[in-house]
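Okay, so here's the structure we're looking at.
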Amino acid sequence: MYYNQDTIVYLDGNWIPAAKATTGLYSQTLHYGNGVFEGIRSYETENGAQIFKAKEHYERLLYSAEVMHIPCNYTVDELIDLTYELLQKNNMEDAYVRPLLYLGEQMTLIPAEESHLLLCAWSWDKYLGDEKVRLMTSGYQRPNPKSTHIQAKVVGHYTNSILASREAKQKGYDEALLLDAQGFVAEGPGANFFYEKDGILYTCPLGNILSGITRQTVFEMAKSLGYTIVEKHFVPDDVYNADGAFFTGTAAEVAPIESLDDHNFKKPWEETMGYVFSREYQKLVLQQTSNFFEPA
């Protein structure tokens, strides 16, 4: 589903067929999980392919590489240009783009001195679909921020996400909601979490979560639309009586949530702030007229 015989990827300065791309078996990323990546979406608009917040994504990629001691010789502008070229070579406009910086051969725990850049893209629907999601509080916690760089999008961090998602599906739910080491709600396996109560949106503060770019976009939209967002620590019991809730993420976009631990939220999705954000977000990424702002 990710590539076929015609798919072209960028690998270390070369444009090659995806089916012929290879990597080393002794990569530190493969063995120890020290690599960084991004998830980016491009949208088909009246002005052609438009990558949403490409600058912010690639700034985060370079930050992740720096704190994980991964060398990268590309600038943000170079990465953006390469991504548009990737889309053009694959004749794509609506696409999910995956940049990956992975390390070369190194079997010790000292970061490798050589890194590799892969850029690839494929067609991918919303990660959680359009139906409302049934959540369960996961038995797995998010990593302690003193154990790693939580704000970096690191390959190895996602073993935690895989475990939590698998646990939820095995128990009959659609997705998980993870807590931090103190028992406060943190985020989903691959998305940030918001809930609505009495006309106010709540989300947890930074520190135990990845600072999502879609999350930040919701803050920007809320300010323009006159909504209040409060960042605070809260526990699952605080969410059970919410009016509504949603996930945010590049892959998921703005995803509706039906319940947490079988506690259904009070309002129909169409009457919640999350629904407003989902509609405004689509207008924004498609560069259509929006109540949020007129596209440049």
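Each chain of the structure tokens is named A, B, ... in the order shown, its residues numbered from 1; ligands are numbered from 1 in display order.
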
### Query
If we count only C-alpha atoms, what is near Gly249 of chain A at a cut-off of 9 Å, once residues fewer than 4 positions away on the same chain are taken out, given as a ChimeraX atom specification?
/A:127,190-192,212-215,253-255

### Task
List the neighbours of Ile16 of chain A out to 12 Å using only C-alpha atoms; skip same-chain residues closer than 6 positions along the sequence, and give me the result as a list of chain:residue names.
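Listed by chain and then number, they are A:Gln5, A:Asp6, A:Thr7, A:Ile8, A:Val9, A:Tyr10, A:Thr22, A:Leu86, A:Lys89, A:Asn90, A:Leu118, A:Leu119, A:Cys120.
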
### Query
Skipping near chain neighbours, those fewer than 2 positions away, what residues fall within 6 Å of Gly104 of chain A using only C-alpha atoms, listed as a list in words?
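Answer for this query is Ser27, Glu114 and Ser115 of chain A.
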
Given the selection you just returned, output its residues as a file containing N, CA, C and O atoms, formatted as a PDB file, in the first residue's frame.
ATOM      1  N   SER A  27      22.511  -0.759  10.873  1.00  0.00           N
ATOM      2  CA  SER A  27      22.110   0.605  11.210  1.00  0.00           C
ATOM      3  C   SER A  27      21.759   0.712  12.691  1.00  0.00           C
ATOM      4  O   SER A  27      21.034  -0.125  13.240  1.00  0.00           O
ATOM      5  N   GLU A 114      27.461   8.834  10.798  1.00  0.00           N
ATOM      6  CA  GLU A 114      26.872   8.907   9.459  1.00  0.00           C
ATOM      7  C   GLU A 114      25.360   8.788   9.564  1.00  0.00           C
ATOM      8  O   GLU A 114      24.842   7.943  10.289  1.00  0.00           O
ATOM      9  N   SER A 115      24.651   9.646   8.838  1.00  0.00           N
ATOM     10  CA  SER A 115      23.191   9.556   8.795  1.00  0.00           C
ATOM     11  C   SER A 115      22.719   9.487   7.348  1.00  0.00           C
ATOM     12  O   SER A 115      23.457   9.835   6.412  1.00  0.00           O
TER      13      SER A 115
END

#### Entry: Residue among A:Phe277, A:Phe247, A:Tyr195, A:Tyr227 lying closest to Phe265 of chain A, counting only C-alpha atoms
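Among the listed residues, A:Tyr195 lies closest to Phe265 of chain A.
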
### Task
Could you tell me how far atom CA of Glu270 of chain A lies from atom CA of Lys169 of chain A, in Å and to one decimal?
25.9 Å

### Message
For Asn160 of chain A, find every residue with an atom within 8 Å (counting only C-alpha atoms), except residues of its own chain fewer than 5 positions away, and show them as a PyMOL selection string.
### Response
chain A and resi 140+142-143+189

Using the selection just defined, write its residues with N, CA and C atoms as a CSV table (one decimal), in the first residue's frame.
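The result, stored in part04.csv:
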chain,number,residue,atom,x,y,z
A,140,TYR,N,-0.4,1.3,29.7
A,140,TYR,CA,1.0,1.8,29.5
A,140,TYR,C,1.0,3.3,29.7
A,142,ARG,N,3.2,7.1,29.3
A,142,ARG,CA,4.1,7.7,28.4
A,142,ARG,C,5.5,7.7,29.1
A,143,PRO,N,6.6,7.7,28.3
A,143,PRO,CA,7.9,7.8,28.9
A,143,PRO,C,8.1,9.0,29.8
A,189,PRO,N,-1.6,7.4,21.4
A,189,PRO,CA,-0.4,6.8,20.8
A,189,PRO,C,0.2,7.7,19.7

### Task
DSSP on the backbone, then: every residue of segment 180-259 of chain A marked strand (DSSP E), written as number ranges by chain.
A: 185-187, 192-197, 200-203, 229-231, 244-249, 253-259

### Query
atom CA of Pro99 of chain A and atom CA of Lys153 of chain A, how far apart in Å?
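About the pair atom CA of Lys153 of chain A and atom CA of Pro99 of chain A: they are 11.3 Å apart.
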
#### Entry: Residues near segment 284-288 of chain A, cut-off 7 Å, only C-alpha atoms, skip fewer than 3 positions along chain, as a list in words
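Answer for this query is Tyr43, Glu44, Thr45, Phe52, Glu280, Tyr281 and Pro295 of chain A.
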
Selection from above, all heavy atoms, as a compact mmCIF listing (two decimals), in the first residue's frame, can you write it?
# COMPACT_ATOMS: atom_id res chain seq x y z
N TYR A 43 -1.82 18.67 0.41
CA TYR A 43 -3.23 18.68 0.01
C TYR A 43 -3.37 19.21 -1.42
O TYR A 43 -2.63 20.10 -1.84
CB TYR A 43 -4.04 19.55 0.96
CG TYR A 43 -4.15 18.97 2.35
CD1 TYR A 43 -3.18 19.27 3.32
CD2 TYR A 43 -5.20 18.14 2.71
CE1 TYR A 43 -3.26 18.74 4.60
CE2 TYR A 43 -5.28 17.61 4.00
CZ TYR A 43 -4.32 17.91 4.94
OH TYR A 43 -4.40 17.39 6.20
N GLU A 44 -4.34 18.67 -2.11
CA GLU A 44 -4.68 19.15 -3.45
C GLU A 44 -5.56 20.39 -3.29
O GLU A 44 -6.67 20.33 -2.75
CB GLU A 44 -5.44 18.08 -4.23
CG GLU A 44 -5.82 18.50 -5.63
CD GLU A 44 -6.59 17.43 -6.38
OE1 GLU A 44 -6.80 16.34 -5.81
OE2 GLU A 44 -6.99 17.68 -7.53
N THR A 45 -5.07 21.52 -3.75
CA THR A 45 -5.81 22.77 -3.66
C THR A 45 -5.96 23.38 -5.04
O THR A 45 -5.42 22.87 -6.04
CB THR A 45 -5.08 23.78 -2.75
OG1 THR A 45 -3.94 24.32 -3.46
CG2 THR A 45 -4.60 23.13 -1.45
N PHE A 52 1.12 21.38 4.17
CA PHE A 52 0.65 22.15 5.31
C PHE A 52 1.75 22.26 6.37
O PHE A 52 2.26 21.26 6.87
CB PHE A 52 -0.60 21.51 5.91
CG PHE A 52 -1.22 22.33 7.00
CD1 PHE A 52 -1.71 23.59 6.73
CD2 PHE A 52 -1.30 21.85 8.29
CE1 PHE A 52 -2.28 24.37 7.73
CE2 PHE A 52 -1.87 22.61 9.30
CZ PHE A 52 -2.36 23.88 9.02
N GLU A 280 -13.16 23.81 10.12
CA GLU A 280 -12.25 24.92 9.85
C GLU A 280 -10.87 24.43 9.44
O GLU A 280 -10.20 25.04 8.58
CB GLU A 280 -12.13 25.83 11.08
CG GLU A 280 -13.40 26.60 11.40
CD GLU A 280 -13.83 27.51 10.27
OE1 GLU A 280 -12.98 28.29 9.78
OE2 GLU A 280 -14.99 27.45 9.87
N TYR A 281 -10.45 23.32 10.01
CA TYR A 281 -9.15 22.75 9.66
C TYR A 281 -9.13 22.33 8.19
O TYR A 281 -8.15 22.57 7.47
CB TYR A 281 -8.84 21.56 10.57
CG TYR A 281 -7.44 20.99 10.39
CD1 TYR A 281 -6.33 21.62 10.95
CD2 TYR A 281 -7.23 19.82 9.65
CE1 TYR A 281 -5.06 21.11 10.79
CE2 TYR A 281 -5.95 19.30 9.49
CZ TYR A 281 -4.88 19.94 10.06
OH TYR A 281 -3.61 19.44 9.90
N PRO A 295 -6.81 32.55 3.32
CA PRO A 295 -5.50 32.02 2.95
C PRO A 295 -4.68 33.04 2.18
O PRO A 295 -5.22 33.87 1.45
CB PRO A 295 -5.85 30.81 2.07
CG PRO A 295 -7.25 31.06 1.61
CD PRO A 295 -7.93 31.85 2.69

## Note on the structure
Here atom CA of Ala245 of chain A and atom CA of Met221 of chain A stand apart by 16.3 Å

### Message
Set the distance at 10 Å and use only C-alpha atoms: which residues neighbour Trp124 of chain A once local chain neighbours fewer than 5 positions away are removed? I'd like the list as a VMD selection string.
### Response
chain A and resid 1 to 2 41 94 to 97 251

### Message
When you count only C-alpha atoms, which of these residues is closest to Leu210 of chain A: A:Lys223, A:Arg98, A:His157, A:His31?
### Response
A:His157
